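Worksheet: one structure, shown below.
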Amino acid sequence: MLMLVWERLSHCAHGLRRFGLIGGTIALAVMAGLPCDVDAKDAEQGQAASGQMPHQTSMGPKSVADLAERLIPAVVNISTRSLVDSKDSIPLPKVPDGSPFQDFFEDFFEKNQEEGGRKRSVQSLGSGFVIDASGLIVTNNHVIAGADKIRVKFSDGGQYDAEIVGRDTKTDLALLKVDTPKPLSTVPFGLEKDVRVGDWVMAIGNPFGLGGSVSIGIVSARNRNINTGPYDSFIQTDAAINRGNSGGPLFDMYGNVVGVNTAIISPSGASIGLGFAIPADITSRVVTQLKEFGETRRGWLGIRIQQVSEDLAEGLGLSDARGVLIAWVNEAGPAEKAGLKPGDVIVRYGGEAVSEVRDLTRFVAETTIGAEVEVEFYRKGQLMALSVVAGHLEASESKVPIAKNADKLSRLFGMSLSELTPAERRKHNLGDSVEGVVVHEVEPHSLAGQKGIQTGMVIVEINQEIVSTPQSVVKRVETLKAEGKSTIVFLLARPDGGELVFVPIKLDDSAPEGGLPPKD
């Protein structure tokens, strides 16, 4: 009897060690009187009896061999070739100044560099997957960016040249097309809502040129923002993803593509369990548009926005820091036509709550062009709503106009202020429509300098009221201080274009200059 218990315990320990569990867990199972070699079926029966059915992959896959065998034919290796200017050069030999060889070497190497201009071939590797039997293949844009030739290799050894159907730099996705003599194996997209943290996933790709490599792991997190673009919402996984996996699929245990492997975080360049995949919902939407139009068709409002911080919320009279602040409105954009203004704080869009910048960015991008959407926002503390008709982002990008973009000095928060003269406009490349007060100089360690205010910026508004002279700036700050305001919000236009930005300054941080007494 003792030997039987030991054998069962040893068998269980062997299995548990494979998953990194410690001996204390094994002992706990024995002390509880539970049989240690309970398999997945027994566990499911026990949970079914208690009314709790597990997720299909809750016990982990016993093997992914059958799944991998079915999916590998639809995963491809992608190799590219680009011709670039050769920058290789022989370093100039070091010779003593005044040496008779100095002029000779300088003339020789300069002449050879001028007559250079040779091209060299640069190759890169990546992965992709087939979504249509006619030969449509999804990959990352960075895999094929700048390529003069794209070659696709299948698991059966077949190789074909590929053409680019369309690409999207904002999401780093591209759609390719190959012509083959027979229909290809394909894989379907899954749904993002079905992906849960802890689900098992499988990556197939071409790491370091080793095609058909399979690795498994779990979904570590969702909606990750790693600051690679405006629509970041990555799936994070610990499945091994390395160089060459880019553009390859991340599958769930049913064979659905739930993500496109795109990036890793690693100090060495090899996988340390921090891989990131573009979710299938985003990929499917972009690919459908690339297939139909050869480009993406995103919604557009014509505004620039920034996150509402605690300081901004206080300065704008909001009860909490939520929503996004409109910093600039394109005069020819849908937002301007609808009546939105700089200083408005958007809190809902199309019935969806807006908590941060990427929420609104994503909601607007996913809006059908021409659709009418209700926008809820705060203006000077009042909750308001209006409807806006979404424009076409890509059509607007080439048409967005640049924002028409030793006088007596006043000083405030470490800034020297002056009137906006024609000379100042030319000096800082400000258009005719920018009006306000010029920041003539900023002391490096002043409060204004710490907040990022720079020479050449123009103060347009203070707490949503227009200012036009240095004296009006000082007077406005004095008035707000007398009203008991502890945070003042400056609307400034940047030099070289006139882009607008809101900057909050807390009066508690430093007593402003220019005759203002310290706060009581």
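The chains in the structure tokens are called A, B, ... from first to last as shown; in each chain the residues are counted from 1, and the ligands are counted from 1 in the order shown.
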Strand (DSSP E) per DSSP on the backbone: members of stretch 133-280 of chain A, as an NGL selection string: :A and (136-140 or 149-153 or 159-168 or 173-178 or 200-205 or 213-224 or 234-237 or 249-251 or 257-264 or 275-279)
All residues 6 Å or closer to stretch 477-492 of chain A, only C-alpha atoms, same chain fewer than 2 positions away omitted, as a ChimeraX atom specification: /A:315,458-463,474-475,500-507
Output N, CA and C atoms for every residue in that selection, as a CSV table (one decimal), in the first residue's frame.
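Okay, this is what ended up in part-v1.csv:
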chain,number,residue,atom,x,y,z
A,315,GLY,N,-8.1,73.0,-13.6
A,315,GLY,CA,-8.1,74.3,-14.2
A,315,GLY,C,-9.3,74.5,-15.1
A,458,VAL,N,3.2,81.0,-28.6
A,458,VAL,CA,2.3,82.1,-28.5
A,458,VAL,C,1.1,81.7,-27.6
A,459,ILE,N,1.0,82.6,-26.5
A,459,ILE,CA,-0.1,82.3,-25.6
A,459,ILE,C,-1.4,82.9,-26.3
A,460,VAL,N,-2.3,82.0,-26.6
A,460,VAL,CA,-3.6,82.3,-27.3
A,460,VAL,C,-4.7,82.6,-26.3
A,461,GLU,N,-4.9,81.7,-25.3
A,461,GLU,CA,-5.9,81.8,-24.3
A,461,GLU,C,-5.4,81.5,-22.9
A,462,ILE,N,-6.1,82.0,-21.9
A,462,ILE,CA,-5.8,81.6,-20.5
A,462,ILE,C,-7.1,81.3,-19.9
A,463,ASN,N,-7.3,80.0,-19.5
A,463,ASN,CA,-8.6,79.6,-19.0
A,463,ASN,C,-9.7,79.9,-19.9
A,474,VAL,N,-0.8,89.1,-17.9
A,474,VAL,CA,-0.6,89.3,-16.4
A,474,VAL,C,-1.9,89.6,-15.7
A,475,LYS,N,-2.7,90.5,-16.3
A,475,LYS,CA,-4.0,90.9,-15.7
A,475,LYS,C,-4.9,89.7,-15.5
A,500,LEU,N,-1.6,73.7,-31.6
A,500,LEU,CA,-2.0,74.2,-30.3
A,500,LEU,C,-1.8,73.1,-29.2
A,501,VAL,N,-1.5,73.5,-28.0
A,501,VAL,CA,-1.3,72.6,-26.9
A,501,VAL,C,-1.8,73.3,-25.6
A,502,PHE,N,-2.4,72.6,-24.7
A,502,PHE,CA,-2.8,73.1,-23.4
A,502,PHE,C,-1.7,72.8,-22.4
A,503,VAL,N,-1.4,73.7,-21.6
A,503,VAL,CA,-0.4,73.6,-20.5
A,503,VAL,C,-1.0,74.1,-19.2
A,504,PRO,N,-1.1,73.2,-18.2
A,504,PRO,CA,-1.6,73.7,-16.9
A,504,PRO,C,-0.5,74.1,-16.0
A,505,ILE,N,-0.7,75.2,-15.3
A,505,ILE,CA,0.3,75.6,-14.3
A,505,ILE,C,-0.4,75.8,-13.0
A,506,LYS,N,0.1,75.2,-11.9
A,506,LYS,CA,-0.4,75.3,-10.6
A,506,LYS,C,0.2,76.5,-9.9
A,507,LEU,N,-0.6,77.4,-9.4
A,507,LEU,CA,-0.1,78.6,-8.7
A,507,LEU,C,0.7,78.2,-7.4
Nearest residue to A:Leu250 from the set A:Gly414, A:Gly294, A:Pro342, A:Gly128 (distances using only C-alpha atoms): A:Gly128
Secondary structure check, helix (DSSP H, G or I) residues of stretch 168-253 of chain A, as a list of chain:residue names: A:Glu192, A:Lys193, A:Asp194, A:Pro207, A:Phe208, A:Gly209
Distance in Å - atom CA of A:Thr237 versus atom CA of A:Ile278: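 Spanning atom CA of A:Thr237 to atom CA of A:Ile278 is a straight-line distance of 11.2 Å.
Between A:Tyr349 and the candidates A:Ala68, A:Leu312, A:Val388, A:Val257, the tightest atom-to-atom separation, counting only C-alpha atoms, involves A:Val388.
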Who sits within 12 Å of A:Gly350, only C-alpha atoms, same chain under 2 positions skipped, as a list in words: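 What passes the distance filter is Ile346, Val347, Arg348, Glu352, Ala353, Val354, Asp359, Leu360, Arg362, Phe363, Val364, Glu366, Thr367, Thr368, Ala371, Glu372, Val373, Glu374, Val375, Glu376, Phe377, Ala385, Leu386, Ser387, Val388, Val389 and Ala390 of chain A.
Of note, atom CA of A:Asp66 and atom CA of A:Arg151 are spaced 28.0 Å apart.
Computed from the coordinates, the atom CA of A:Asp194 to atom CA of A:Asn223 distance equals 13.6 Å.
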Minimum-distance residue to A:Gly198, chosen among A:Glu441, A:Asp252, A:Asp172, A:Asp156 (using only C-alpha atoms):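 Under the stated criterion, the closest residue is A:Asp252.
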12 Å contact set for A:Pro181, only C-alpha atoms, chain neighbours under 4 positions out, as an MDAnalysis selection string: chainID A and resid 133:135 158:160
Polymer residues at most 12 Å from A:Ile226, only C-alpha atoms, same-chain spacing of 3 or more positions, as an MDAnalysis selection string: chainID A and resid 222:223 229:236 262:265 274:278 358
Residue with smallest distance to A:Ser468 - pool A:Gly436, A:Gly333, A:Gly381, A:Gly370, counting only C-alpha atoms: A:Gly436
Spatial neighbours of A:Ala74, 7 Å, only C-alpha atoms, chain gap at least 5 places, as a PyMOL selection string: chain A and resi 129-130+185-187
Put those residues in a file: N, CA and C atoms, as a PDB file, in the first residue's frame.
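File written: selection25.pdb
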ATOM      1  N   PHE A 129       0.523  34.781 -43.368  1.00  0.00           N
ATOM      2  CA  PHE A 129      -0.447  33.683 -43.405  1.00  0.00           C
ATOM      3  C   PHE A 129      -1.502  33.965 -44.470  1.00  0.00           C
ATOM      4  N   VAL A 130      -2.020  32.880 -45.040  1.00  0.00           N
ATOM      5  CA  VAL A 130      -2.962  32.969 -46.152  1.00  0.00           C
ATOM      6  C   VAL A 130      -4.384  33.100 -45.614  1.00  0.00           C
ATOM      7  N   SER A 185      -4.222  26.626 -48.881  1.00  0.00           N
ATOM      8  CA  SER A 185      -4.818  26.426 -47.557  1.00  0.00           C
ATOM      9  C   SER A 185      -4.953  27.785 -46.879  1.00  0.00           C
ATOM     10  N   THR A 186      -6.024  27.982 -46.144  1.00  0.00           N
ATOM     11  CA  THR A 186      -6.279  29.268 -45.499  1.00  0.00           C
ATOM     12  C   THR A 186      -6.558  29.073 -44.005  1.00  0.00           C
ATOM     13  N   VAL A 187      -6.493  30.177 -43.285  1.00  0.00           N
ATOM     14  CA  VAL A 187      -6.855  30.173 -41.868  1.00  0.00           C
ATOM     15  C   VAL A 187      -7.829  31.330 -41.613  1.00  0.00           C
TER      16      VAL A 187
END
